[in-house]
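Step one of this worksheet: look at the structure below.
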Amino acid sequence: MPAVAARSPVLVLWGDRDPFTPIDGPVGRYFSALPSELPNVTLHMLEGVGHCPHDDRPDLVHAKLLPWLDTLPSTTALTPVSSPAA
């Protein structure tokens with residue numbers, strides 16, 4: 001994840017009632033620390049939401065996702081990333 005986040009914007013939407021990967025577990029702690037380490041990572045905790053925020057509360061997901069997408073540069077401004085030689 002850090003290699004991607006170092007060069008690409010990343011939005012993390014996390015349900016505060018996720019029973020499988022709680023925010024205070026090892027995976028949750030890892031992702032919750034990323035915004036302070038990498039400026040391109042944004043984390044939003046979604047209240048009352050479980051493991052599948054897009055299913056549980058699509059309205060909350062859209063409320064965070066759509067404004068975040070508006071902040072991204074247009075695809076015409078992006079430089080393609082070349083693949084490593086095979």
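Every chain in the structure tokens has a letter given in the order shown (A, B, ...), and although residue numbers restart at 1 in each chain, ligands are simply numbered from 1 in the order shown.
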
Residues of region 43-78 of chain A in alpha helix (DSSP H) according to DSSP, as a PDB file with N, CA, C and O atoms, in the first residue's frame?
ATOM      1  N   PRO A  53     -19.235  -0.954   3.883  1.00  0.00           N
ATOM      2  CA  PRO A  53     -19.884   0.363   3.913  1.00  0.00           C
ATOM      3  C   PRO A  53     -20.754   0.648   2.693  1.00  0.00           C
ATOM      4  O   PRO A  53     -21.820   1.232   2.818  1.00  0.00           O
ATOM      5  N   HIS A  54     -20.311   0.212   1.514  1.00  0.00           N
ATOM      6  CA  HIS A  54     -21.071   0.477   0.292  1.00  0.00           C
ATOM      7  C   HIS A  54     -22.420  -0.232   0.308  1.00  0.00           C
ATOM      8  O   HIS A  54     -23.360   0.234  -0.330  1.00  0.00           O
ATOM      9  N   ASP A  55     -22.520  -1.346   1.035  1.00  0.00           N
ATOM     10  CA  ASP A  55     -23.798  -2.042   1.182  1.00  0.00           C
ATOM     11  C   ASP A  55     -24.600  -1.506   2.358  1.00  0.00           C
ATOM     12  O   ASP A  55     -25.807  -1.331   2.265  1.00  0.00           O
ATOM     13  N   ASP A  56     -23.909  -1.295   3.490  1.00  0.00           N
ATOM     14  CA  ASP A  56     -24.583  -0.866   4.717  1.00  0.00           C
ATOM     15  C   ASP A  56     -25.175   0.536   4.601  1.00  0.00           C
ATOM     16  O   ASP A  56     -26.306   0.772   4.994  1.00  0.00           O
ATOM     17  N   PRO A  58     -24.790   3.201   1.657  1.00  0.00           N
ATOM     18  CA  PRO A  58     -24.272   3.826   0.431  1.00  0.00           C
ATOM     19  C   PRO A  58     -24.363   5.347   0.456  1.00  0.00           C
ATOM     20  O   PRO A  58     -23.536   6.027  -0.150  1.00  0.00           O
ATOM     21  N   ASP A  59     -25.321   5.889   1.188  1.00  0.00           N
ATOM     22  CA  ASP A  59     -25.441   7.345   1.276  1.00  0.00           C
ATOM     23  C   ASP A  59     -24.212   7.964   1.939  1.00  0.00           C
ATOM     24  O   ASP A  59     -23.709   9.002   1.489  1.00  0.00           O
ATOM     25  N   LEU A  60     -23.704   7.315   2.997  1.00  0.00           N
ATOM     26  CA  LEU A  60     -22.501   7.832   3.667  1.00  0.00           C
ATOM     27  C   LEU A  60     -21.268   7.662   2.785  1.00  0.00           C
ATOM     28  O   LEU A  60     -20.405   8.541   2.741  1.00  0.00           O
ATOM     29  N   VAL A  61     -21.199   6.534   2.091  1.00  0.00           N
ATOM     30  CA  VAL A  61     -20.074   6.305   1.183  1.00  0.00           C
ATOM     31  C   VAL A  61     -20.060   7.369   0.096  1.00  0.00           C
ATOM     32  O   VAL A  61     -19.030   7.983  -0.180  1.00  0.00           O
ATOM     33  N   HIS A  62     -21.209   7.610  -0.510  1.00  0.00           N
ATOM     34  CA  HIS A  62     -21.278   8.614  -1.576  1.00  0.00           C
ATOM     35  C   HIS A  62     -20.961  10.008  -1.053  1.00  0.00           C
ATOM     36  O   HIS A  62     -20.334  10.804  -1.759  1.00  0.00           O
ATOM     37  N   ALA A  63     -21.374  10.303   0.170  1.00  0.00           N
ATOM     38  CA  ALA A  63     -21.115  11.626   0.754  1.00  0.00           C
ATOM     39  C   ALA A  63     -19.615  11.880   0.929  1.00  0.00           C
ATOM     40  O   ALA A  63     -19.173  13.031   0.901  1.00  0.00           O
ATOM     41  N   LYS A  64     -18.836  10.829   1.121  1.00  0.00           N
ATOM     42  CA  LYS A  64     -17.374  10.972   1.243  1.00  0.00           C
ATOM     43  C   LYS A  64     -16.676  10.782  -0.101  1.00  0.00           C
ATOM     44  O   LYS A  64     -15.720  11.480  -0.425  1.00  0.00           O
ATOM     45  N   LEU A  65     -17.159   9.836  -0.891  1.00  0.00           N
ATOM     46  CA  LEU A  65     -16.501   9.481  -2.149  1.00  0.00           C
ATOM     47  C   LEU A  65     -16.624  10.563  -3.216  1.00  0.00           C
ATOM     48  O   LEU A  65     -15.624  10.938  -3.843  1.00  0.00           O
ATOM     49  N   LEU A  66     -17.817  11.070  -3.433  1.00  0.00           N
ATOM     50  CA  LEU A  66     -18.016  12.013  -4.537  1.00  0.00           C
ATOM     51  C   LEU A  66     -17.221  13.303  -4.375  1.00  0.00           C
ATOM     52  O   LEU A  66     -16.544  13.723  -5.321  1.00  0.00           O
ATOM     53  N   PRO A  67     -17.225  13.952  -3.210  1.00  0.00           N
ATOM     54  CA  PRO A  67     -16.381  15.153  -3.061  1.00  0.00           C
ATOM     55  C   PRO A  67     -14.883  14.828  -3.197  1.00  0.00           C
ATOM     56  O   PRO A  67     -14.121  15.620  -3.745  1.00  0.00           O
ATOM     57  N   TRP A  68     -14.474  13.657  -2.712  1.00  0.00           N
ATOM     58  CA  TRP A  68     -13.070  13.261  -2.835  1.00  0.00           C
ATOM     59  C   TRP A  68     -12.703  13.087  -4.307  1.00  0.00           C
ATOM     60  O   TRP A  68     -11.638  13.537  -4.740  1.00  0.00           O
ATOM     61  N   LEU A  69     -13.576  12.455  -5.084  1.00  0.00           N
ATOM     62  CA  LEU A  69     -13.319  12.286  -6.514  1.00  0.00           C
ATOM     63  C   LEU A  69     -13.186  13.628  -7.224  1.00  0.00           C
ATOM     64  O   LEU A  69     -12.378  13.771  -8.145  1.00  0.00           O
ATOM     65  N   ASP A  70     -13.959  14.616  -6.786  1.00  0.00           N
ATOM     66  CA  ASP A  70     -13.882  15.950  -7.393  1.00  0.00           C
ATOM     67  C   ASP A  70     -12.527  16.617  -7.174  1.00  0.00           C
ATOM     68  O   ASP A  70     -12.165  17.524  -7.911  1.00  0.00           O
TER      69      ASP A  70
END

Legend entry - Close residues, region 17-20 of chain A itself excluded, 12 Å, only C-alpha atoms, min 2 positions apart in chain, as a list of chain:residue names: A:Leu13, A:Trp14, A:Gly15, A:Pro22, A:Ile23, A:Asp24, A:Gly25, A:Pro26, A:Val27, A:Gly28, A:Met45, A:Leu46, A:Glu47, A:Gly48, A:Val49, A:Gly50, A:His51, A:Cys52, A:Pro53, A:Asp56

Take the residues just selected and output them with all heavy atoms as a short mmCIF file (atom, residue, chain, number, x, y, z; two decimals), in the first residue's frame.
data_model
loop_
_atom_site.label_atom_id
_atom_site.label_comp_id
_atom_site.auth_asym_id
_atom_site.auth_seq_id
_atom_site.Cartn_x
_atom_site.Cartn_y
_atom_site.Cartn_z
N LEU A 13 -12.41 4.20 3.40
CA LEU A 13 -13.67 4.38 4.11
C LEU A 13 -13.84 3.17 5.03
O LEU A 13 -13.87 2.04 4.55
CB LEU A 13 -14.84 4.49 3.13
CG LEU A 13 -14.74 5.63 2.12
CD1 LEU A 13 -15.90 5.57 1.14
CD2 LEU A 13 -14.69 6.97 2.84
N TRP A 14 -13.91 3.42 6.33
CA TRP A 14 -13.89 2.34 7.31
C TRP A 14 -15.13 2.42 8.19
O TRP A 14 -15.43 3.46 8.76
CB TRP A 14 -12.65 2.49 8.19
CG TRP A 14 -12.18 1.22 8.80
CD1 TRP A 14 -12.73 0.55 9.86
CD2 TRP A 14 -11.06 0.45 8.39
NE1 TRP A 14 -12.02 -0.58 10.14
CE2 TRP A 14 -10.98 -0.66 9.23
CE3 TRP A 14 -10.11 0.60 7.39
CZ2 TRP A 14 -9.99 -1.63 9.12
CZ3 TRP A 14 -9.13 -0.35 7.28
CH2 TRP A 14 -9.07 -1.45 8.14
N GLY A 15 -15.83 1.31 8.30
CA GLY A 15 -16.99 1.24 9.19
C GLY A 15 -16.57 1.08 10.63
O GLY A 15 -15.77 0.18 10.95
N PRO A 22 -11.75 -4.67 12.80
CA PRO A 22 -12.01 -3.47 13.60
C PRO A 22 -10.84 -2.49 13.52
O PRO A 22 -9.69 -2.89 13.32
CB PRO A 22 -12.19 -4.01 15.02
CG PRO A 22 -11.53 -5.34 15.02
CD PRO A 22 -11.61 -5.87 13.62
N ILE A 23 -11.15 -1.24 13.68
CA ILE A 23 -10.13 -0.19 13.56
C ILE A 23 -9.04 -0.32 14.63
O ILE A 23 -7.92 0.11 14.42
CB ILE A 23 -10.77 1.22 13.57
CG1 ILE A 23 -9.79 2.26 13.01
CG2 ILE A 23 -11.27 1.59 14.96
CD1 ILE A 23 -9.50 2.13 11.55
N ASP A 24 -9.37 -0.96 15.76
CA ASP A 24 -8.36 -1.12 16.81
C ASP A 24 -7.59 -2.45 16.69
O ASP A 24 -6.75 -2.76 17.51
CB ASP A 24 -8.97 -0.98 18.20
CG ASP A 24 -10.06 -2.00 18.49
OD1 ASP A 24 -10.49 -2.74 17.56
OD2 ASP A 24 -10.51 -2.06 19.64
N GLY A 25 -7.85 -3.21 15.62
CA GLY A 25 -7.08 -4.43 15.34
C GLY A 25 -5.84 -4.10 14.54
O GLY A 25 -5.61 -2.94 14.17
N PRO A 26 -5.01 -5.09 14.24
CA PRO A 26 -3.75 -4.82 13.54
C PRO A 26 -3.93 -4.19 12.16
O PRO A 26 -3.20 -3.27 11.79
CB PRO A 26 -3.06 -6.18 13.45
CG PRO A 26 -4.08 -7.19 13.84
CD PRO A 26 -5.16 -6.50 14.59
N VAL A 27 -4.88 -4.67 11.39
CA VAL A 27 -5.11 -4.10 10.06
C VAL A 27 -5.67 -2.68 10.18
O VAL A 27 -5.24 -1.76 9.48
CB VAL A 27 -6.05 -5.00 9.22
CG1 VAL A 27 -6.40 -4.35 7.89
CG2 VAL A 27 -5.42 -6.37 9.01
N GLY A 28 -6.61 -2.48 11.09
CA GLY A 28 -7.18 -1.16 11.30
C GLY A 28 -6.15 -0.16 11.77
O GLY A 28 -6.13 0.99 11.32
N MET A 45 -13.84 7.53 8.96
CA MET A 45 -14.58 6.54 9.73
C MET A 45 -16.07 6.81 9.51
O MET A 45 -16.52 7.95 9.63
CB MET A 45 -14.25 6.66 11.22
CG MET A 45 -12.83 6.26 11.56
SD MET A 45 -12.42 4.56 11.15
CE MET A 45 -13.58 3.66 12.14
N LEU A 46 -16.80 5.76 9.19
CA LEU A 46 -18.22 5.89 8.95
C LEU A 46 -18.97 5.31 10.15
O LEU A 46 -18.86 4.11 10.44
CB LEU A 46 -18.61 5.17 7.66
CG LEU A 46 -17.89 5.66 6.40
CD1 LEU A 46 -18.32 4.85 5.19
CD2 LEU A 46 -18.12 7.14 6.17
N GLU A 47 -19.71 6.16 10.84
CA GLU A 47 -20.40 5.77 12.07
C GLU A 47 -21.59 4.85 11.78
O GLU A 47 -22.34 5.07 10.85
CB GLU A 47 -20.88 7.00 12.83
CG GLU A 47 -19.75 7.82 13.40
CD GLU A 47 -20.25 8.97 14.25
OE1 GLU A 47 -21.30 8.82 14.89
OE2 GLU A 47 -19.58 10.01 14.23
N GLY A 48 -21.69 3.80 12.60
CA GLY A 48 -22.81 2.88 12.49
C GLY A 48 -22.72 1.95 11.30
O GLY A 48 -23.72 1.36 10.90
N VAL A 49 -21.54 1.80 10.74
CA VAL A 49 -21.35 1.02 9.52
C VAL A 49 -20.45 -0.17 9.82
O VAL A 49 -19.51 -0.07 10.59
CB VAL A 49 -20.73 1.91 8.41
CG1 VAL A 49 -20.46 1.12 7.16
CG2 VAL A 49 -21.64 3.08 8.11
N GLY A 50 -20.74 -1.30 9.18
CA GLY A 50 -19.97 -2.52 9.37
C GLY A 50 -18.88 -2.70 8.35
O GLY A 50 -18.25 -1.74 7.89
N HIS A 51 -18.68 -3.97 7.95
CA HIS A 51 -17.56 -4.35 7.08
C HIS A 51 -17.75 -3.92 5.62
O HIS A 51 -16.76 -3.78 4.90
CB HIS A 51 -17.37 -5.87 7.15
CG HIS A 51 -16.16 -6.37 6.46
ND1 HIS A 51 -14.88 -6.11 6.91
CD2 HIS A 51 -16.01 -7.11 5.33
CE1 HIS A 51 -14.01 -6.68 6.10
NE2 HIS A 51 -14.66 -7.29 5.13
N CYS A 52 -18.96 -3.74 5.19
CA CYS A 52 -19.24 -3.38 3.78
C CYS A 52 -19.97 -2.05 3.72
O CYS A 52 -21.19 -1.99 3.52
CB CYS A 52 -20.07 -4.47 3.11
SG CYS A 52 -19.25 -6.05 3.02
N PRO A 53 -19.23 -0.95 3.88
CA PRO A 53 -19.88 0.36 3.91
C PRO A 53 -20.75 0.65 2.69
O PRO A 53 -21.82 1.23 2.82
CB PRO A 53 -18.71 1.34 3.99
CG PRO A 53 -17.60 0.57 4.57
CD PRO A 53 -17.79 -0.84 4.09
N ASP A 56 -23.91 -1.29 3.49
CA ASP A 56 -24.58 -0.87 4.72
C ASP A 56 -25.18 0.54 4.60
O ASP A 56 -26.31 0.77 4.99
CB ASP A 56 -23.61 -0.88 5.91
CG ASP A 56 -23.10 -2.26 6.26
OD1 ASP A 56 -23.68 -3.26 5.78
OD2 ASP A 56 -22.11 -2.33 7.02
#

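We find CA of Thr21 (chain A) and CA of Pro35 (chain A) to be spaced 18.0 Å apart.
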
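Atom pair CA of Arg7 (chain A) / CA of Asn40 (chain A): separated by 7.5 Å.
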
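What separates CA of Ser74 (chain A) from CA of Leu11 (chain A) is a distance of 16.7 Å.
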
Inset, instruction - Using only C-alpha atoms, find the one residue out of A:Ser36, A:Thr42, A:Arg57, A:Phe31 that sits nearest to Pro9 (chain A). - result: A:Thr42
